[in-house]
file entry_7.pdb (PDB, C-alpha atoms and all ligand atoms)
ATOM      1  CA  MET R   1      72.298-107.139 134.508
ATOM      2  CA  MET R   2      68.676-107.920 133.928
ATOM      3  CA  SER R   3      66.111-105.924 131.984
ATOM      4  CA  ASN R   4      65.077-102.492 133.193
ATOM      5  CA  ARG R   5      62.061-104.042 134.807
ATOM      6  CA  PHE R   6      64.313-106.166 136.985
ATOM      7  CA  PRO R   7      67.467-104.275 137.875
ATOM      8  CA  VAL R   8      69.168-106.941 139.914
ATOM      9  CA  CYS R   9      72.467-108.650 139.281
ATOM     10  CA  ILE R  10      71.708-112.285 138.664
ATOM     11  CA  MET R  11      74.360-114.894 138.011
ATOM     12  CA  LEU R  12      74.041-118.394 136.748
ATOM     13  CA  LEU R  13      75.586-120.641 139.379
ATOM     14  CA  PRO R  14      76.587-124.286 139.053
ATOM     15  CA  LEU R  15      73.826-126.829 139.467
ATOM     16  CA  LEU R  16      73.077-127.702 143.056
ATOM     17  CA  ALA R  17      70.803-130.307 144.560
ATOM     18  CA  GLY R  18      67.216-129.127 144.961
ATOM     19  CA  CYS R  19      65.187-129.703 148.104
ATOM     20  CA  ILE R  20      62.784-132.024 146.351
ATOM     21  CA  GLY R  21      65.529-134.202 144.987
ATOM     22  CA  LYS R  22      66.079-132.394 141.705
ATOM     23  CA  GLU R  23      68.663-129.997 140.424
ATOM     24  CA  TYR R  24      67.856-126.481 139.307
ATOM     25  CA  ARG R  25      69.710-123.671 137.699
ATOM     26  CA  GLU R  26      70.009-120.842 140.168
ATOM     27  CA  LEU R  27      69.094-117.193 140.178
ATOM     28  CA  ALA R  28      71.595-115.717 142.593
ATOM     29  CA  VAL R  29      70.400-112.459 144.035
ATOM     30  CA  SER R  30      73.278-110.046 144.574
ATOM     31  CA  PRO R  31      74.926-110.547 147.984
ATOM     32  CA  LEU R  32      74.464-106.825 148.551
ATOM     33  CA  SER R  33      70.698-107.189 148.367
ATOM     34  CA  PRO R  34      68.668-107.859 151.479
ATOM     35  CA  PRO R  35      66.655-111.106 151.592
ATOM     36  CA  VAL R  36      63.795-111.192 149.124
ATOM     37  CA  GLU R  37      61.029-109.422 150.973
ATOM     38  CA  ILE R  38      57.707-108.450 149.446
ATOM     39  CA  GLY R  39      55.825-105.264 150.318
ATOM     40  CA  VAL R  40      52.073-105.763 149.958
ATOM     41  CA  THR R  41      49.535-102.978 150.338
ATOM     42  CA  VAL R  42      46.958-104.642 152.574
ATOM     43  CA  ALA R  43      44.812-101.599 153.370
ATOM     44  CA  GLU R  44      44.410 -98.162 151.810
ATOM     45  CA  GLY R  45      42.203 -95.071 152.046
ATOM     46  CA  ASN R  46      41.791 -92.173 154.423
ATOM     47  CA  PRO R  47      41.674 -93.732 156.944
ATOM     48  CA  PRO R  48      42.840 -97.068 155.499
ATOM     49  CA  ARG R  49      40.249 -99.846 155.507
ATOM     50  CA  ILE R  50      41.680-102.541 157.720
ATOM     51  CA  VAL R  51      39.951-105.911 157.806
ATOM     52  CA  ALA R  52      39.372-106.784 161.442
ATOM     53  CA  GLY R  53      40.940-109.960 162.744
ATOM     54  CA  ARG R  54      43.396-110.372 159.889
ATOM     55  CA  LYS R  55      46.901-111.407 160.909
ATOM     56  CA  TYR R  56      50.107-111.066 158.939
ATOM     57  CA  ARG R  57      53.601-112.438 159.161
ATOM     58  CA  GLY R  58      56.486-109.973 158.850
ATOM     59  CA  THR R  59      55.877-106.338 159.751
ATOM     60  CA  LEU R  60      53.198-103.738 159.048
ATOM     61  CA  GLU R  61      54.021-100.135 158.305
ATOM     62  CA  THR R  62      51.976 -97.101 157.342
ATOM     63  CA  ILE R  63      53.016 -95.049 154.335
ATOM     64  CA  SER R  64      51.496 -92.230 152.300
ATOM     65  CA  ARG R  65      51.002 -92.835 148.582
ATOM     66  CA  GLU R  66      49.136 -90.659 146.064
ATOM     67  CA  GLY R  67      47.257 -88.877 148.823
ATOM     68  CA  LYS R  68      46.166 -92.086 150.490
ATOM     69  CA  THR R  69      47.320 -93.707 153.679
ATOM     70  CA  CYS R  70      48.419 -97.270 152.962
ATOM     71  CA  VAL R  71      49.264-100.125 155.287
ATOM     72  CA  VAL R  72      52.080-102.200 153.807
ATOM     73  CA  ASN R  73      52.961-105.690 154.986
ATOM     74  CA  ARG R  74      56.656-106.446 154.548
ATOM     75  CA  VAL R  75      57.004-110.177 154.425
ATOM     76  CA  SER R  76      59.394-112.801 153.045
ATOM     77  CA  ILE R  77      58.559-114.120 149.596
ATOM     78  CA  GLU R  78      57.902-117.579 151.080
ATOM     79  CA  ASP R  79      55.436-116.286 153.679
ATOM     80  CA  TYR R  80      53.805-114.111 151.024
ATOM     81  CA  THR R  81      53.285-117.220 148.866
ATOM     82  CA  LYS R  82      51.698-119.050 151.814
ATOM     83  CA  GLY R  83      49.229-116.195 152.349
ATOM     84  CA  ALA R  84      48.339-115.853 148.665
ATOM     85  CA  ILE R  85      47.992-119.375 147.295
ATOM     86  CA  ASN R  86      44.598-120.181 148.801
ATOM     87  CA  GLY R  87      43.064-117.074 147.294
ATOM     88  CA  GLU R  88      43.538-118.870 143.974
ATOM     89  CA  ILE R  89      42.964-122.575 144.589
ATOM     90  CA  SER R  90      41.951-124.980 147.346
ATOM     91  CA  PRO R  91      44.735-126.424 149.538
ATOM     92  CA  MET R  92      42.892-129.745 149.269
ATOM     93  CA  TRP R  93      43.673-130.098 145.561
ATOM     94  CA  PRO R  94      46.206-132.784 144.508
ATOM     95  CA  GLU R  95      49.648-132.011 145.892
ATOM     96  CA  GLU R  96      51.429-131.473 142.564
ATOM     97  CA  SER R  97      48.852-128.902 141.432
ATOM     98  CA  VAL R  98      49.257-127.019 144.735
ATOM     99  CA  LYS R  99      53.038-127.068 144.259
ATOM    100  CA  ALA R 100      52.683-125.788 140.671
ATOM    101  CA  MET R 101      50.498-122.964 141.937
ATOM    102  CA  ALA R 102      53.011-122.124 144.698
ATOM    103  CA  ILE R 103      55.691-121.681 142.020
ATOM    104  CA  VAL R 104      53.345-119.504 139.929
ATOM    105  CA  ILE R 105      52.493-117.236 142.892
ATOM    106  CA  ARG R 106      56.141-116.926 143.958
ATOM    107  CA  SER R 107      57.238-116.215 140.367
ATOM    108  CA  TYR R 108      54.716-113.407 139.974
ATOM    109  CA  ALA R 109      55.863-111.794 143.233
ATOM    110  CA  PHE R 110      59.554-112.261 142.447
ATOM    111  CA  GLN R 111      59.153-110.646 139.038
ATOM    112  CA  HIS R 112      57.836-107.595 140.900
ATOM    113  CA  TRP R 113      60.655-107.611 143.421
ATOM    114  CA  ASP R 114      63.009-104.659 143.305
ATOM    115  CA  SER R 115      66.499-105.435 144.552
ATOM    116  CA  ALA R 116      67.338-101.759 145.036
ATOM    117  CA  ARG R 117      64.621-101.374 147.640
ATOM    118  CA  GLY R 118      64.543-104.994 148.728
ATOM    119  CA  SER R 119      60.803-105.189 148.261
ATOM    120  CA  ALA R 120      58.093-105.418 145.625
ATOM    121  CA  ARG R 121      57.632-102.268 143.586
ATOM    122  CA  GLN R 122      53.943-102.348 144.299
ATOM    123  CA  LEU R 123      51.812-105.351 145.089
ATOM    124  CA  TYR R 124      48.213-105.236 146.243
ATOM    125  CA  SER R 125      46.317-107.797 148.279
ATOM    126  CA  ASP R 126      43.520-108.101 145.704
ATOM    127  CA  VAL R 127      43.001-108.910 142.016
ATOM    128  CA  ARG R 128      45.184-105.965 140.986
ATOM    129  CA  SER R 129      48.060-108.298 141.950
ATOM    130  CA  GLN R 130      47.162-111.567 143.661
ATOM    131  CA  GLU R 131      44.617-112.167 146.424
ATOM    132  CA  TYR R 132      46.530-112.170 149.712
ATOM    133  CA  CYS R 133      45.193-112.232 153.261
ATOM    134  CA  GLY R 134      48.138-113.356 155.356
ATOM    135  CA  ILE R 135      48.003-115.986 158.087
ATOM    136  CA  ASN R 136      44.207-116.270 158.013
ATOM    137  CA  CYS R 137      44.394-117.815 154.548
ATOM    138  CA  GLU R 138      47.181-120.270 155.253
ATOM    139  CA  HIS R 139      46.620-124.028 155.433
ATOM    140  CA  GLU R 140      49.089-126.672 156.553
ATOM    141  CA  ARG R 141      48.736-128.554 153.258
ATOM    142  CA  SER R 142      49.507-125.542 151.057
ATOM    143  CA  ASN R 143      52.215-124.371 153.492
ATOM    144  CA  ARG R 144      53.911-127.733 152.961
ATOM    145  CA  ALA R 145      53.700-127.297 149.163
ATOM    146  CA  VAL R 146      55.325-123.847 149.529
ATOM    147  CA  ASP R 147      58.081-125.284 151.746
ATOM    148  CA  GLU R 148      58.732-128.160 149.330
ATOM    149  CA  THR R 149      59.135-125.735 146.414
ATOM    150  CA  SER R 150      60.994-123.122 148.459
ATOM    151  CA  GLY R 151      62.769-120.577 146.246
ATOM    152  CA  LEU R 152      61.606-122.134 142.957
ATOM    153  CA  VAL R 153      60.472-119.659 140.298
ATOM    154  CA  LEU R 154      59.716-119.684 136.580
ATOM    155  CA  VAL R 155      62.327-118.146 134.308
ATOM    156  CA  TYR R 156      61.912-117.339 130.618
ATOM    157  CA  GLU R 157      64.942-116.484 128.487
ATOM    158  CA  GLY R 158      66.943-115.906 131.654
ATOM    159  CA  LYS R 159      64.486-113.464 133.213
ATOM    160  CA  PRO R 160      61.993-113.997 136.034
ATOM    161  CA  LEU R 161      58.533-114.647 134.584
ATOM    162  CA  GLU R 162      55.513-112.624 135.671
ATOM    163  CA  ALA R 163      53.466-115.804 135.844
ATOM    164  CA  PHE R 164      49.702-115.529 135.428
ATOM    165  CA  SER R 165      46.941-118.019 136.078
ATOM    166  CA  HIS R 166      43.173-118.156 135.802
ATOM    167  CA  ALA R 167      40.382-120.404 137.068
ATOM    168  CA  CYS R 168      39.471-122.317 133.883
ATOM    169  CA  CYS R 169      40.498-121.738 130.264
ATOM    170  CA  GLY R 170      37.529-123.515 128.671
ATOM    171  CA  GLY R 171      39.598-125.544 126.187
ATOM    172  CA  ALA R 172      42.664-123.476 125.292
ATOM    173  CA  THR R 173      44.738-120.876 127.096
ATOM    174  CA  GLU R 174      45.031-117.387 125.647
ATOM    175  CA  ASP R 175      47.876-115.539 123.962
ATOM    176  CA  SER R 176      48.640-112.617 126.293
ATOM    177  CA  ARG R 177      48.710-110.227 123.303
ATOM    178  CA  GLU R 178      44.961-110.803 122.894
ATOM    179  CA  VAL R 179      44.313-109.567 126.440
ATOM    180  CA  TRP R 180      46.980-106.949 127.049
ATOM    181  CA  THR R 181      48.735-104.668 124.617
ATOM    182  CA  GLY R 182      52.436-104.990 123.886
ATOM    183  CA  GLU R 183      54.673-107.665 122.508
ATOM    184  CA  GLY R 184      53.806-110.200 125.152
ATOM    185  CA  CYS R 185      56.055-113.066 126.115
ATOM    186  CA  GLY R 186      56.671-116.406 124.422
ATOM    187  CA  ALA R 187      55.647-118.229 127.588
ATOM    188  CA  PHE R 188      52.115-116.876 127.080
ATOM    189  CA  ARG R 189      51.412-117.914 123.521
ATOM    190  CA  GLY R 190      48.377-120.031 124.341
ATOM    191  CA  ARG R 191      48.115-123.831 124.633
ATOM    192  CA  GLU R 192      45.417-126.380 124.040
ATOM    193  CA  CYS R 193      43.957-127.641 127.318
ATOM    194  CA  THR R 194      41.850-130.772 127.430
ATOM    195  CA  TRP R 195      42.040-131.194 131.192
ATOM    196  CA  CYS R 196      39.579-128.604 132.495
ATOM    197  CA  ALA R 197      36.519-129.830 130.529
ATOM    198  CA  GLY R 198      33.593-130.484 132.853
ATOM    199  CA  SER R 199      35.315-128.933 135.888
ATOM    200  CA  LYS R 200      33.531-126.755 138.428
ATOM    201  CA  HIS R 201      34.478-123.510 136.698
ATOM    202  CA  TRP R 202      34.019-124.746 133.135
ATOM    203  CA  GLY R 203      30.308-123.917 133.070
ATOM    204  CA  PRO R 204      28.603-123.610 130.681
ATOM    205  CA  TRP R 205      27.373-120.337 132.109
ATOM    206  CA  VAL R 206      24.572-118.063 130.913
ATOM    207  CA  LEU R 207      24.321-114.335 131.485
ATOM    208  CA  VAL R 208      21.164-112.455 130.526
ATOM    209  CA  LEU R 209      21.351-108.670 130.745
ATOM    210  CA  GLU R 210      18.659-106.162 129.858
ATOM    211  CA  LYS R 211      19.774-103.852 127.067
ATOM    212  CA  THR R 212      19.040-100.907 129.361
ATOM    213  CA  THR R 213      21.500-102.341 131.887
ATOM    214  CA  LEU R 214      24.112-102.852 129.176
ATOM    215  CA  ALA R 215      23.603 -99.263 127.991
ATOM    216  CA  LYS R 216      24.339 -98.008 131.518
ATOM    217  CA  ARG R 217      27.499-100.093 131.822
ATOM    218  CA  LEU R 218      28.654 -99.071 128.329
ATOM    219  CA  HIS R 219      27.860 -95.374 128.734
ATOM    220  CA  LYS R 220      31.463 -94.281 128.245
ATOM    221  CA  GLU R 221      31.734 -96.258 125.007
ATOM    222  CA  ILE R 222      28.332 -95.449 123.467
ATOM    223  CA  GLY R 223      27.673 -92.070 125.060
ATOM    224  CA  ALA R 224      25.365 -91.205 127.925
ATOM    225  CA  ASP R 225      21.603 -91.614 127.276
ATOM    226  CA  ASN R 226      22.171 -93.730 124.164
ATOM    227  CA  THR R 227      20.549 -97.135 123.823
ATOM    228  CA  VAL R 228      21.948-100.561 123.004
ATOM    229  CA  GLU R 229      20.162-102.011 119.963
ATOM    230  CA  SER R 230      22.189-105.143 119.449
ATOM    231  CA  ILE R 231      25.533-106.742 120.207
ATOM    232  CA  LYS R 232      27.294-109.066 117.776
ATOM    233  CA  VAL R 233      30.509-111.058 117.878
ATOM    234  CA  ALA R 234      32.517-109.794 114.877
ATOM    235  CA  GLU R 235      35.755-111.754 115.162
ATOM    236  CA  ARG R 236      37.266-114.602 117.162
ATOM    237  CA  ASN R 237      40.934-115.213 117.851
ATOM    238  CA  PRO R 238      42.722-118.561 117.333
ATOM    239  CA  SER R 239      41.892-119.722 120.876
ATOM    240  CA  GLY R 240      38.163-119.337 120.094
ATOM    241  CA  ARG R 241      37.581-116.283 122.270
ATOM    242  CA  VAL R 242      35.897-113.092 121.148
ATOM    243  CA  ARG R 243      38.510-110.747 119.696
ATOM    244  CA  THR R 244      36.145-108.031 118.445
ATOM    245  CA  ILE R 245      32.565-107.229 119.372
ATOM    246  CA  VAL R 246      30.249-104.715 117.713
ATOM    247  CA  VAL R 247      27.739-102.784 119.769
ATOM    248  CA  LYS R 248      24.970-101.191 117.728
ATOM    249  CA  SER R 249      23.803 -98.087 119.545
ATOM    250  CA  SER R 250      21.499 -95.315 118.354
ATOM    251  CA  GLY R 251      22.287 -96.069 114.707
ATOM    252  CA  ARG R 252      26.074 -96.315 115.155
ATOM    253  CA  GLU R 253      28.322 -99.361 115.288
ATOM    254  CA  ILE R 254      30.989 -99.284 117.991
ATOM    255  CA  ARG R 255      33.757-101.894 117.817
ATOM    256  CA  MET R 256      35.739-102.941 120.835
ATOM    257  CA  SER R 257      37.908-105.845 121.900
ATOM    258  CA  GLY R 258      36.321-108.777 123.675
ATOM    259  CA  ALA R 259      38.656-108.230 126.646
ATOM    260  CA  HIS R 260      37.552-104.585 126.952
ATOM    261  CA  PHE R 261      33.892-105.536 126.631
ATOM    262  CA  ARG R 262      34.311-108.088 129.430
ATOM    263  CA  ALA R 263      35.999-105.506 131.657
ATOM    264  CA  ILE R 264      33.103-103.092 131.128
ATOM    265  CA  VAL R 265      30.307-105.629 131.625
ATOM    266  CA  GLY R 266      32.046-107.052 134.715
ATOM    267  CA  TRP R 267      34.706-109.719 135.276
ATOM    268  CA  ASN R 268      32.432-111.941 137.306
ATOM    269  CA  ASP R 269      29.233-111.425 135.289
ATOM    270  CA  LEU R 270      30.830-112.180 131.948
ATOM    271  CA  ARG R 271      33.143-114.909 133.177
ATOM    272  CA  SER R 272      35.308-115.177 130.065
ATOM    273  CA  THR R 273      35.511-113.961 126.485
ATOM    274  CA  ARG R 274      34.734-117.470 125.238
ATOM    275  CA  PHE R 275      31.030-116.773 124.616
ATOM    276  CA  ASP R 276      28.243-116.466 122.042
ATOM    277  CA  ALA R 277      25.852-113.504 122.078
ATOM    278  CA  ALA R 278      22.154-113.836 121.189
ATOM    279  CA  ASP R 279      19.515-111.110 120.909
ATOM    280  CA  ARG R 280      16.472-111.819 123.097
ATOM    281  CA  GLY R 281      14.489-108.688 122.316
ATOM    282  CA  GLY R 282      14.851-106.442 125.327
ATOM    283  CA  ALA R 283      17.861-108.358 126.582
ATOM    284  CA  MET R 284      21.107-109.929 125.373
ATOM    285  CA  GLU R 285      21.969-113.494 126.284
ATOM    286  CA  PHE R 286      25.604-114.526 126.587
ATOM    287  CA  ARG R 287      26.461-118.244 126.773
ATOM    288  CA  GLY R 288      30.007-119.275 127.419
ATOM    289  CA  VAL R 289      32.521-121.560 129.110
ATOM    290  CA  GLY R 290      35.580-120.976 131.265
ATOM    291  CA  TRP R 291      36.368-118.360 133.879
ATOM    292  CA  GLY R 292      39.118-115.765 133.740
ATOM    293  CA  HIS R 293      41.388-114.086 131.187
ATOM    294  CA  GLY R 294      42.824-117.409 130.059
ATOM    295  CA  VAL R 295      46.508-116.388 130.140
ATOM    296  CA  GLY R 296      49.070-118.729 131.703
ATOM    297  CA  LEU R 297      48.183-121.647 133.948
ATOM    298  CA  CYS R 298      44.641-123.047 133.831
ATOM    299  CA  GLN R 299      44.015-123.911 137.486
ATOM    300  CA  GLU R 300      41.302-126.505 136.840
ATOM    301  CA  GLY R 301      43.500-128.034 134.133
ATOM    302  CA  ALA R 302      46.465-128.191 136.526
ATOM    303  CA  ARG R 303      44.265-129.895 139.093
ATOM    304  CA  LYS R 304      43.218-132.582 136.606
ATOM    305  CA  MET R 305      46.781-133.067 135.322
ATOM    306  CA  ALA R 306      47.900-133.682 138.923
ATOM    307  CA  GLU R 307      45.029-136.130 139.447
ATOM    308  CA  GLU R 308      46.310-138.018 136.411
ATOM    309  CA  GLY R 309      49.770-138.268 137.930
ATOM    310  CA  LYS R 310      51.617-135.354 136.279
ATOM    311  CA  ASP R 311      54.193-133.656 138.502
ATOM    312  CA  CYS R 312      54.338-129.917 139.116
ATOM    313  CA  GLU R 313      57.069-129.294 136.560
ATOM    314  CA  SER R 314      55.186-131.140 133.790
ATOM    315  CA  ILE R 315      52.171-128.971 134.576
ATOM    316  CA  LEU R 316      54.241-125.776 134.418
ATOM    317  CA  ARG R 317      55.992-126.845 131.207
ATOM    318  CA  HIS R 318      52.629-127.335 129.531
ATOM    319  CA  TYR R 319      51.130-123.973 130.481
ATOM    320  CA  PHE R 320      54.330-121.880 130.186
ATOM    321  CA  PRO R 321      56.015-123.138 126.988
ATOM    322  CA  GLY R 322      59.741-122.458 126.985
ATOM    323  CA  ALA R 323      59.897-121.433 130.645
ATOM    324  CA  GLU R 324      62.171-123.227 133.113
ATOM    325  CA  VAL R 325      62.094-123.693 136.877
ATOM    326  CA  TRP R 326      65.105-122.114 138.603
ATOM    327  CA  ARG R 327      65.912-121.565 142.249
ATOM    328  CA  ILE R 328      66.455-118.200 143.922
ATOM    329  CA  THR R 329      69.542-118.213 146.116
ATOM    330  CA  GLN R 330      70.604-115.477 148.480
TER
HETATM  331 ZN    ZN K   1      41.969-125.420 130.807
END

call {"tool": "encode", "arguments": {"input": "entry_7.pdb", "output": "structure tokens", "more": "lines below"}}
Ligand SMILES: [Zn+2]
result
Amino acid sequence: MMSNRFPVCIMLLPLLAGCIGKEYRELAVSPLSPPVEIGVTVAEGNPPRIVAGRKYRGTLETISREGKTCVVNRVSIEDYTKGAINGEISPMWPEESVKAMAIVIRSYAFQHWDSARGSARQLYSDVRSQEYCGINCEHERSNRAVDETSGLVLVYEGKPLEAFSHACCGGATEDSREVWTGEGCGAFRGRECTWCAGSKHWGPWVLVLEKTTLAKRLHKEIGADNTVESIKVAERNPSGRVRTIVVKSSGREIRMSGAHFRAIVGWNDLRSTRFDAADRGGAMEFRGVGWGHGVGLCQEGARKMAEEGKDCESILRHYFPGAEVWRITQ
């Protein structure tokens, strides 16, 4: 029996030959379970917002959830992976990096799979889960990478890993406990990354925001109608990112985590928490590198590792210390 988060009977089976010439330990899904099928909410609202021209494999069904009408695509985990991978990386990247990403995407979905219902507990087709747009986003090159890694997932201490990735770590990946609360997982303890330096998403980037704009975005933290006087980095964590930031507002000092500050300012404006803050009078200037939360696989780093001849499992071993690649069997 697995953890409460994954109530499926999984047995360790003897080693069998893998489809890419290697042998993997196997995660055997209970024979009573239906095939691993993922349910993805692809449209929601009243009426649900459906993107015209989008095509999906599997089936579409309409359900009601929390007062909203939702369109759910029920699709095999392999087809889901094909429709999600190119929302993260380009299919034209080196083959081993595309294969590594296919395993990451499949692992994330499989960790959310619920054997009792034979589908994901709740996956969305946007950044709340993983970007997914079905057939329209598939590419023959990434489809081949999915086929060649069919059924392969990351496992940590015998349990499916909710694998995360981000665009570019900026020099070191992040310990998940710095971003999300809780005990975290040993596979997300943060690793040095020398491969993404100088990549497209490395930067350096600069964000200049008027203090009046910052005050509006921070209104819940500082109180409505209050001003932002200054913002200072108070503490950095071992990976070099901002752990604590202090916002001086109307004579008070308000402390918050760097991750929370980034969420408030905007994920795409403040690309990472690896930044310096400088006071420019009426505005604050943030200079940083990297893009994303930094937890798990650094996509630009994986790309460079593959260019240098590393295979997909070497890439995964680096970014998910202690995790292993196993195969799902049904
Ligand atoms: Zn990196």

call {"tool": "residues_near_ligand", "arguments": {"input": "entry_7.pdb", "ligand": "ligand ZN 1 (chain K)", "cutoff": "8 Å", "atoms": "all atoms listed in the file", "output": "PDB file with C-alpha atoms, in the coordinates of the input"}}
result
ATOM      1  CA  CYS R 168      39.471-122.317 133.883  1.00  0.00           C
ATOM      2  CA  CYS R 169      40.498-121.738 130.264  1.00  0.00           C
ATOM      3  CA  GLY R 170      37.529-123.515 128.671  1.00  0.00           C
ATOM      4  CA  GLY R 171      39.598-125.544 126.187  1.00  0.00           C
ATOM      5  CA  ALA R 172      42.664-123.476 125.292  1.00  0.00           C
ATOM      6  CA  THR R 173      44.738-120.876 127.096  1.00  0.00           C
ATOM      7  CA  GLU R 192      45.417-126.380 124.040  1.00  0.00           C
ATOM      8  CA  CYS R 193      43.957-127.641 127.318  1.00  0.00           C
ATOM      9  CA  THR R 194      41.850-130.772 127.430  1.00  0.00           C
ATOM     10  CA  TRP R 195      42.040-131.194 131.192  1.00  0.00           C
ATOM     11  CA  CYS R 196      39.579-128.604 132.495  1.00  0.00           C
ATOM     12  CA  ALA R 197      36.519-129.830 130.529  1.00  0.00           C
ATOM     13  CA  GLY R 290      35.580-120.976 131.265  1.00  0.00           C
ATOM     14  CA  LEU R 297      48.183-121.647 133.948  1.00  0.00           C
ATOM     15  CA  CYS R 298      44.641-123.047 133.831  1.00  0.00           C
ATOM     16  CA  GLN R 299      44.015-123.911 137.486  1.00  0.00           C
ATOM     17  CA  GLU R 300      41.302-126.505 136.840  1.00  0.00           C
ATOM     18  CA  GLY R 301      43.500-128.034 134.133  1.00  0.00           C
ATOM     19  CA  ALA R 302      46.465-128.191 136.526  1.00  0.00           C
TER      20      ALA R 302
END

call {"tool": "atom_distance", "arguments": {"input": "entry_7.pdb", "atom1": "CA of Ser249 (chain R)", "atom2": "CA of Thr273 (chain R)"}}
result
20.9 Å

call {"tool": "residues_near_point", "arguments": {"input": "entry_7.pdb", "point": "(53.4, -120.3, 141.1)", "cutoff": "9 Å", "atoms": "all atoms listed in the file", "output": "PyMOL selection string"}}
result
chain R and resi 81+85+98-108+152-154+163-165+297+316

call {"tool": "write_last_selection", "arguments": {"input": "entry_7.pdb", "atoms": "C-alpha atoms", "output": "JSON list (two decimals), in the frame of the given file"}}
result
[["chain", "number", "residue", "atom", "x", "y", "z"],
["R", 81, "THR", "CA", 53.28, -117.22, 148.87],
["R", 85, "ILE", "CA", 47.99, -119.38, 147.29],
["R", 98, "VAL", "CA", 49.26, -127.02, 144.74],
["R", 99, "LYS", "CA", 53.04, -127.07, 144.26],
["R", 100, "ALA", "CA", 52.68, -125.79, 140.67],
["R", 101, "MET", "CA", 50.50, -122.96, 141.94],
["R", 102, "ALA", "CA", 53.01, -122.12, 144.70],
["R", 103, "ILE", "CA", 55.69, -121.68, 142.02],
["R", 104, "VAL", "CA", 53.34, -119.50, 139.93],
["R", 105, "ILE", "CA", 52.49, -117.24, 142.89],
["R", 106, "ARG", "CA", 56.14, -116.93, 143.96],
["R", 107, "SER", "CA", 57.24, -116.22, 140.37],
["R", 108, "TYR", "CA", 54.72, -113.41, 139.97],
["R", 152, "LEU", "CA", 61.61, -122.13, 142.96],
["R", 153, "VAL", "CA", 60.47, -119.66, 140.30],
["R", 154, "LEU", "CA", 59.72, -119.68, 136.58],
["R", 163, "ALA", "CA", 53.47, -115.80, 135.84],
["R", 164, "PHE", "CA", 49.70, -115.53, 135.43],
["R", 165, "SER", "CA", 46.94, -118.02, 136.08],
["R", 297, "LEU", "CA", 48.18, -121.65, 133.95],
["R", 316, "LEU", "CA", 54.24, -125.78, 134.42]]

call {"tool": "atom_distance", "arguments": {"input": "entry_7.pdb", "atom1": "CA of Glu88 (chain R)", "atom2": "CA of Tyr132 (chain R)"}}
result
9.3 Å

call {"tool": "residues_around", "arguments": {"input": "entry_7.pdb", "residues": "Pro238 (chain R)", "least_positions_apart": "3", "cutoff": "9 Å", "atoms": "all atoms listed in the file", "output": "ChimeraX atom specification"}}
result
/R:174-175,241

call {"tool": "atom_distance", "arguments": {"input": "entry_7.pdb", "atom1": "CA of Ala145 (chain R)", "atom2": "CA of Lys22 (chain R)"}}
result
15.3 Å

call {"tool": "resolve_selection", "arguments": {"input": "entry_7.pdb", "expression": "the PyMOL selection byres (((chain R and resi 123) around 8) and not hetatm)", "output": "list in words"}}
result
Ile38, Gly39, Val40, Thr41, Ala109, His112, Ala120, Arg121, Gln122, Tyr124, Ser125, Arg128, Ser129 and Gln130 of chain R

call {"tool": "closest_atom_pairs", "arguments": {"input": "entry_7.pdb", "of": "region 272-326 of chain R", "to": "region 224-228 of chain R", "cutoff": "12 Å", "atoms": "all atoms listed in the file", "output": "CSV"}}
result
residue,atom,partner,partner_atom,distance
R:Asp279,CA,R:Val228,CA,11.0
R:Gly281,CA,R:Val228,CA,11.1
R:Gly282,CA,R:Val228,CA,9.5
R:Ala283,CA,R:Val228,CA,9.5
R:Met284,CA,R:Val228,CA,9.7

call {"tool": "resolve_selection", "arguments": {"input": "entry_7.pdb", "expression": "the PyMOL selection byres (((chain R and resi 288) around 8) and not hetatm)", "output": "short mmCIF file (atom, residue, chain, number, x, y, z; two decimals) with C-alpha atoms, keeping the file's coordinate frame"}}
result
data_model
loop_
_atom_site.label_atom_id
_atom_site.label_comp_id
_atom_site.auth_asym_id
_atom_site.auth_seq_id
_atom_site.Cartn_x
_atom_site.Cartn_y
_atom_site.Cartn_z
CA GLY R 203 30.31 -123.92 133.07
CA PRO R 204 28.60 -123.61 130.68
CA TRP R 205 27.37 -120.34 132.11
CA VAL R 206 24.57 -118.06 130.91
CA ARG R 271 33.14 -114.91 133.18
CA SER R 272 35.31 -115.18 130.06
CA THR R 273 35.51 -113.96 126.48
CA ARG R 274 34.73 -117.47 125.24
CA PHE R 275 31.03 -116.77 124.62
CA ASP R 276 28.24 -116.47 122.04
CA PHE R 286 25.60 -114.53 126.59
CA ARG R 287 26.46 -118.24 126.77
CA VAL R 289 32.52 -121.56 129.11
CA GLY R 290 35.58 -120.98 131.26
#

call {"tool": "resolve_selection", "arguments": {"input": "entry_7.pdb", "expression": "the PyMOL selection byres (((chain R and resi 259) around 8) and not hetatm)", "output": "list in words"}}
result
Glu178, Val179, Val242, Arg243, Ser257, Gly258, His260, Phe261, Arg262, Ala263, Thr273 and His293 of chain R

call {"tool": "residues_around", "arguments": {"input": "entry_7.pdb", "residues": "Glu61 (chain R)", "least_positions_apart": "4", "cutoff": "9 Å", "atoms": "only C-alpha atoms", "output": "list in words"}}
result
Cys70, Val71, Val72, Asn73 and Arg74 of chain R

call {"tool": "closest_residue", "arguments": {"input": "entry_7.pdb", "among": "R:Ala28, R:Ala277, R:Ile328, R:Ile89", "to": "Ala167 (chain R)", "atoms": "all atoms listed in the file"}}
result
R:Ile89

call {"tool": "closest_residue", "arguments": {"input": "entry_7.pdb", "among": "R:Val233, R:Leu161, R:Ile63, R:Met256", "to": "Cys185 (chain R)", "atoms": "all atoms listed in the file"}}
result
R:Leu161
